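Structure data (CSV, C-alpha atoms (C1' of nucleotides)) from structure.csv:
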chain,number,residue,atom,x,y,z
A,1,MET,CA,-16.6,26.7,-73.9
A,2,THR,CA,-15.5,28.8,-76.8
A,3,THR,CA,-12.2,27.8,-78.4
A,4,LEU,CA,-10.0,29.8,-80.8
A,5,SER,CA,-9.1,28.6,-84.2
A,6,THR,CA,-5.4,28.5,-84.8
A,7,ASP,CA,-5.4,30.3,-88.2
A,8,VAL,CA,-6.3,33.7,-86.9
A,9,LEU,CA,-3.6,36.3,-87.4
A,10,PRO,CA,-2.6,39.1,-85.0
A,11,LEU,CA,-4.0,42.6,-85.8
A,12,PRO,CA,-1.6,44.4,-88.1
A,13,ARG,CA,0.4,47.4,-86.9
A,14,ALA,CA,-1.6,49.6,-89.2
A,15,PHE,CA,-4.7,48.9,-87.1
A,16,TYR,CA,-3.2,51.0,-84.3
A,17,ALA,CA,-1.9,53.9,-86.4
A,18,ARG,CA,-4.9,56.2,-86.0
A,19,GLY,CA,-6.5,58.2,-83.3
A,20,ALA,CA,-6.9,56.6,-79.9
A,21,GLU,CA,-10.7,57.1,-79.8
A,22,ARG,CA,-11.1,55.2,-83.1
A,23,VAL,CA,-8.8,52.4,-81.9
A,24,ALA,CA,-10.7,52.2,-78.6
A,25,ARG,CA,-13.9,51.5,-80.4
A,26,ALA,CA,-12.3,49.1,-82.9
A,27,LEU,CA,-10.7,47.0,-80.2
A,28,LEU,CA,-14.0,46.0,-78.8
A,29,GLY,CA,-14.6,42.4,-79.8
A,30,GLN,CA,-10.9,41.7,-80.5
A,31,ILE,CA,-9.1,38.9,-78.7
A,32,LEU,CA,-6.3,39.5,-76.2
A,33,VAL,CA,-4.1,36.4,-75.9
A,34,SER,CA,-1.3,35.8,-73.3
A,35,THR,CA,1.1,32.9,-73.4
A,36,ILE,CA,3.0,34.1,-70.4
A,37,GLY,CA,4.1,31.2,-68.2
A,38,GLU,CA,3.7,28.7,-71.1
A,39,THR,CA,-0.1,28.5,-70.7
A,40,ARG,CA,-2.4,30.1,-73.2
A,41,VAL,CA,-5.1,32.3,-71.8
A,42,ALA,CA,-7.4,34.6,-73.8
A,43,GLY,CA,-10.3,36.9,-73.5
A,44,ARG,CA,-12.5,39.1,-75.7
A,45,ILE,CA,-12.1,42.8,-75.2
A,46,VAL,CA,-15.4,44.3,-74.0
A,47,GLU,CA,-14.4,47.6,-72.4
A,48,THR,CA,-11.8,50.3,-73.3
A,49,GLU,CA,-10.8,53.9,-72.5
A,50,ALA,CA,-9.0,56.3,-74.8
A,51,TYR,CA,-6.3,58.7,-73.8
A,52,ILE,CA,-6.0,60.9,-76.8
A,53,GLY,CA,-2.9,63.0,-76.6
A,54,PRO,CA,-0.9,65.7,-74.8
A,55,HIS,CA,-4.1,67.9,-74.7
A,56,ASP,CA,-5.9,65.2,-72.7
A,57,ASP,CA,-5.3,66.3,-69.2
A,58,ALA,CA,-6.1,62.9,-67.7
A,59,SER,CA,-3.3,61.2,-69.7
A,60,HIS,CA,0.0,60.2,-68.1
A,61,ALA,CA,1.6,62.1,-70.9
A,62,ALA,CA,-0.4,65.3,-70.7
A,63,GLU,CA,1.4,68.4,-71.7
A,64,ARG,CA,1.8,69.6,-68.1
A,65,ILE,CA,3.8,66.4,-67.4
A,66,GLY,CA,5.7,65.9,-70.7
A,67,ARG,CA,7.8,63.0,-71.7
A,68,THR,CA,9.2,61.1,-68.7
A,69,ALA,CA,10.8,57.7,-68.0
A,70,ARG,CA,7.4,56.3,-67.0
A,71,ASN,CA,5.4,57.3,-70.0
A,72,GLU,CA,8.2,56.8,-72.5
A,73,SER,CA,6.5,53.9,-74.3
A,74,MET,CA,3.4,56.1,-75.0
A,75,PHE,CA,5.7,58.0,-77.4
A,76,GLY,CA,6.8,54.8,-79.2
A,77,GLU,CA,5.4,52.8,-82.1
A,78,PRO,CA,1.7,52.3,-82.4
A,79,GLY,CA,0.8,48.7,-81.5
A,80,ILE,CA,3.2,48.3,-78.5
A,81,ALA,CA,2.1,48.0,-74.9
A,82,TYR,CA,2.3,50.6,-72.2
A,83,VAL,CA,2.1,48.9,-68.9
A,84,TYR,CA,2.2,50.9,-65.6
A,85,ARG,CA,1.7,50.2,-61.9
A,86,ILE,CA,-1.2,52.0,-60.2
A,87,TYR,CA,-1.6,52.6,-56.5
A,88,GLY,CA,1.5,50.6,-55.9
A,89,VAL,CA,-0.7,47.5,-56.2
A,90,HIS,CA,-1.9,46.7,-59.7
A,91,TRP,CA,-0.7,46.6,-63.3
A,92,CYS,CA,-2.7,48.2,-66.1
A,93,LEU,CA,-2.3,47.4,-69.8
A,94,ASN,CA,-2.6,50.0,-72.5
A,95,VAL,CA,-2.2,49.8,-76.3
A,96,VAL,CA,-0.2,52.6,-77.8
A,97,THR,CA,-1.9,54.3,-80.8
A,98,ASP,CA,-1.7,57.1,-83.4
A,99,ARG,CA,1.9,57.9,-84.4
A,100,VAL,CA,5.5,57.9,-83.1
A,101,ASP,CA,6.4,60.8,-80.7
A,102,TYR,CA,2.7,61.5,-80.1
A,103,PRO,CA,1.4,60.1,-76.8
A,104,ALA,CA,-1.9,58.4,-77.3
A,105,ALA,CA,-3.1,55.1,-75.9
A,106,VAL,CA,-6.1,52.9,-75.2
A,107,LEU,CA,-6.5,51.3,-71.7
A,108,ILE,CA,-7.9,47.8,-71.8
A,109,ARG,CA,-10.4,47.7,-68.9
A,110,ALA,CA,-12.3,44.4,-69.2
A,111,LEU,CA,-12.3,41.1,-70.9
A,112,GLU,CA,-14.8,38.3,-71.4
A,113,PRO,CA,-12.7,35.1,-70.6
A,114,ILE,CA,-12.8,32.6,-73.5
A,115,GLU,CA,-9.8,30.4,-72.9
A,116,GLY,CA,-7.6,29.3,-70.0
A,117,GLN,CA,-10.1,30.2,-67.3
A,118,ASP,CA,-8.6,27.6,-65.0
A,119,VAL,CA,-5.2,29.3,-65.1
A,120,MET,CA,-6.9,32.7,-64.6
A,121,ARG,CA,-8.6,31.4,-61.5
A,122,VAL,CA,-5.2,30.3,-60.1
A,123,ARG,CA,-3.7,33.7,-60.7
A,124,ARG,CA,-6.8,35.5,-59.4
A,125,SER,CA,-7.2,33.3,-56.3
A,126,ILE,CA,-9.6,35.9,-54.9
A,127,ALA,CA,-12.1,35.6,-57.7
A,128,ARG,CA,-15.3,34.0,-56.7
A,129,SER,CA,-17.0,34.0,-60.1
A,130,GLU,CA,-16.0,34.0,-63.7
A,131,ARG,CA,-17.1,37.6,-63.8
A,132,ASP,CA,-14.5,38.4,-61.2
A,133,LEU,CA,-11.6,37.2,-63.4
A,134,CYS,CA,-11.2,40.1,-65.9
A,135,SER,CA,-13.8,42.8,-65.0
A,136,GLY,CA,-11.3,45.6,-64.4
A,137,PRO,CA,-7.9,46.7,-65.6
A,138,GLY,CA,-6.0,45.4,-62.6
A,139,LYS,CA,-7.9,42.2,-62.6
A,140,LEU,CA,-7.3,41.3,-66.2
A,141,ALA,CA,-3.6,42.1,-65.9
A,142,GLN,CA,-3.3,39.7,-63.0
A,143,ALA,CA,-5.4,37.0,-64.8
A,144,LEU,CA,-3.1,37.2,-67.9
A,145,GLY,CA,0.1,37.4,-65.9
A,146,ILE,CA,0.9,40.9,-67.3
A,147,THR,CA,3.6,42.9,-65.4
A,148,GLY,CA,5.9,45.8,-66.1
A,149,ALA,CA,8.2,43.4,-67.9
A,150,LEU,CA,5.8,43.7,-70.8
A,151,ASP,CA,6.1,47.5,-71.1
A,152,ALA,CA,6.9,48.4,-74.8
A,153,HIS,CA,6.2,44.8,-76.0
A,154,PRO,CA,4.8,44.7,-79.5
A,155,LEU,CA,1.3,43.3,-79.4
A,156,ASP,CA,1.6,41.2,-82.6
A,157,ALA,CA,4.0,38.7,-81.1
A,158,PRO,CA,4.1,36.2,-78.1
A,159,PRO,CA,3.8,36.2,-75.2
A,160,LEU,CA,1.1,38.9,-75.5
A,161,PHE,CA,-0.8,39.7,-78.7
A,162,ILE,CA,-4.2,40.7,-80.0
A,163,LEU,CA,-6.1,38.7,-82.6
A,164,GLU,CA,-8.8,39.6,-85.0
A,165,GLY,CA,-12.0,38.6,-83.3
A,166,GLY,CA,-14.7,40.5,-85.1
A,167,ARG,CA,-15.9,44.0,-84.4
A,168,VAL,CA,-18.7,45.0,-82.2
A,169,PRO,CA,-21.3,46.9,-84.3
A,170,PRO,CA,-21.6,50.6,-83.4
A,171,SER,CA,-25.2,50.1,-82.3
A,172,ARG,CA,-24.0,47.8,-79.5
A,173,ILE,CA,-21.2,50.2,-78.3
A,174,VAL,CA,-22.0,52.4,-75.3
A,175,THR,CA,-20.0,55.6,-75.0
A,176,CYS,CA,-19.6,57.3,-71.6
A,177,THR,CA,-17.2,59.1,-69.4
A,178,ARG,CA,-14.0,57.6,-68.1
A,179,VAL,CA,-13.6,55.9,-64.7
A,180,GLY,CA,-11.5,56.9,-61.7
A,181,ILE,CA,-9.9,60.0,-63.0
A,182,THR,CA,-9.9,63.4,-61.5
A,183,ARG,CA,-9.0,65.6,-64.5
A,184,ALA,CA,-10.9,65.8,-67.8
A,185,HIS,CA,-13.5,63.4,-66.3
A,186,ASP,CA,-16.3,64.8,-68.5
A,187,LEU,CA,-14.9,63.6,-71.8
A,188,PRO,CA,-16.9,60.7,-73.4
A,189,LEU,CA,-13.9,58.4,-74.0
A,190,ARG,CA,-15.0,55.2,-72.4
A,191,PHE,CA,-16.5,52.4,-74.5
A,192,TYR,CA,-18.1,49.1,-73.7
A,193,GLU,CA,-20.3,46.5,-75.2
A,194,ARG,CA,-23.9,47.0,-74.3
A,195,GLY,CA,-25.3,44.4,-71.9
A,196,ASN,CA,-22.0,42.4,-71.5
A,197,PRO,CA,-21.8,41.2,-67.9
A,198,HIS,CA,-18.0,41.3,-67.9
A,199,VAL,CA,-17.8,45.1,-68.1
A,200,SER,CA,-16.1,46.5,-64.9
A,201,ARG,CA,-18.9,48.9,-64.0
A,202,TRP,CA,-22.2,50.2,-65.5
B,1,DT,C1',15.3,64.0,-49.5
B,2,DC,C1',10.4,64.4,-48.5
B,3,DG,C1',5.6,64.2,-49.3
B,4,DA,C1',1.4,63.8,-51.8
B,5,DA,C1',-1.3,61.7,-55.4
B,6,DG,C1',-2.8,58.1,-58.3
B,7,DA,C1',-6.4,55.5,-65.3
B,8,DT,C1',-7.7,50.1,-58.6
B,9,DT,C1',-9.2,46.4,-55.8
B,10,DG,C1',-10.8,43.9,-51.8
B,11,DT,C1',-12.5,44.0,-47.2
B,12,DC,C1',-15.2,45.6,-43.6
B,13,DT,C1',-19.3,48.0,-41.8
C,1,DG,C1',-20.4,53.3,-48.9
C,2,DA,C1',-15.9,54.0,-46.7
C,3,DC,C1',-11.2,53.0,-46.4
C,4,DA,C1',-6.7,50.5,-46.4
C,5,DA,C1',-3.0,48.4,-49.1
C,6,DT,C1',1.3,49.7,-51.2
C,7,DC,C1',4.9,52.0,-54.2
C,8,DT,C1',6.2,54.6,-58.1
C,9,DT,C1',6.4,59.1,-59.9
C,10,DC,C1',7.1,63.8,-59.8
C,11,DG,C1',7.4,68.4,-57.8
C,12,DA,C1',8.9,71.2,-54.0
C,13,DG,C1',12.4,72.4,-50.7
Exercise: express the given structure as structure tokens:
Amino acid sequence: MTTLSTDVLPLPRAFYARGAERVARALLGQILVSTIGETRVAGRIVETEAYIGPHDDASHAAERIGRTARNESMFGEPGIAYVYRIYGVHWCLNVVTDRVDYPAAVLIRALEPIEGQDVMRVRRSIARSERDLCSGPGKLAQALGITGALDAHPLDAPPLFILEGGRVPPSRIVTCTRVGITRAHDLPLRFYERGNPHVSRW
DNA sequence: TCGAAGATTGTCT
DNA sequence: GACAATCTTCGAG
């Protein structure tokens, strides 16, 4: 099993202070760590989606919707979390990007588990295989213990943070259309690591 | 105050 | 492949 060295630092705030599409690509290969509930669990980011601003009609902060209580953290500092509930059932984790007062974010869609798989398995009692632990936005939130309480949390501090894990080279990044949306579904804003079995869908 | 829709997942056929 | 679960959000009345 892979272990993490303890001298790796969180990604700096500046990492997130650029367009969501660039951050979505750069996040592939980085390490998402949760110490929620005292136990440390971690996974390598292998799939993301970008929601690039008010002109992105699929975004929760699209121009036709505007700034609301729900999407407030999307307008906050780059590098904080935007956590929302979907279908009344699951939590989804986004990373806020770009600049203050400009709603752009990256949805973390899948992880490759690298630490704390036993804890993930307890939280995801339904999972039958390691692949089932984090291969979807709702699944990884459950595996890491992420809830709405983490909305607006800065992602360079416990209990939820992202570490430098090495980038995925551009030749290994697949670009395609986003999953599960009804508006602006033709934009190529989903990114995943080629051939990685932990991606949510092909 | 009501109703419809939603960046998903798991179960059943 | 179809559909239910489940609840917050937002627009309409």
Legend entry - 12 Å contact set for C:DT8, only C-alpha atoms (C1' of nucleotides), chain neighbours under 6 positions out, as a ChimeraX atom specification: /A:69-70,84-91,148 /B:5-6
Legend entry - Residue contacts of A:His198 (12 Å, all atoms listed in the file) excluding same-chain residues fewer than 3 positions away, as a ChimeraX atom specification: /A:43-47,109-114,129-137,139-140,192-195,201-202
Inset, instruction - Tell me which protein, DNA and RNA residues are within 10 Å of B:DG10, counting all atoms listed in the file, leaving out same-chain ones fewer than 5 positions away, and put them as JSON, numbers by chain. - result: {"A": [126], "C": [4, 5]}
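Taking atom CA of A:Asn196 and atom CA of A:Thr147 as endpoints, the distance between them is 26.3 Å.
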Please report, as a Markdown table, each residue of chain B lying at most 8 Å from chain A, together with the nearest pair of atoms and the separation in Å rounded to one decimal; use all atoms listed in the file, and order rows by chain and ascending residue number.
| residue | atom | partner | partner_atom | distance |
| --- | --- | --- | --- | --- |
| B:DG6 | C1' | A:Tyr87 | CA | 5.9 |
| B:DA7 | C1' | A:Ile181 | CA | 6.1 |
| B:DT8 | C1' | A:Gly138 | CA | 6.4 |
| B:DT9 | C1' | A:Gly138 | CA | 7.6 |
Inset, instruction - With a distance cut-off of 10 Å and all atoms listed in the file, select the neighbouring residues of C:DA12, excluding the residue or stretch itself and same-chain residues fewer than 2 positions from it, and output the selection as a list in words. - result: DC2 and DG3 of chain B; DC10 of chain C
Selected residues written out, C-alpha atoms (C1' of nucleotides), as a compact mmCIF listing (two decimals), keeping the file's coordinate frame:
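Contents of the output file again_38.txt:
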# COMPACT_ATOMS: atom_id res chain seq x y z
C1' DC B 2 10.40 64.40 -48.50
C1' DG B 3 5.60 64.20 -49.30
C1' DC C 10 7.10 63.80 -59.80
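What separates atom CA of A:Gly79 from atom CA of A:Asp156 is a distance of 7.6 Å.
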Enclosing box along x, y and z for every listed atom of stretch 69-74 of chain A, padded 3 Å each side, centre and size in Å, one decimal, as AutoDock Vina command-line options:
--center_x 7.1 --center_y 55.8 --center_z -71.0 --size_x 13.4 --size_y 9.8 --size_z 14.0
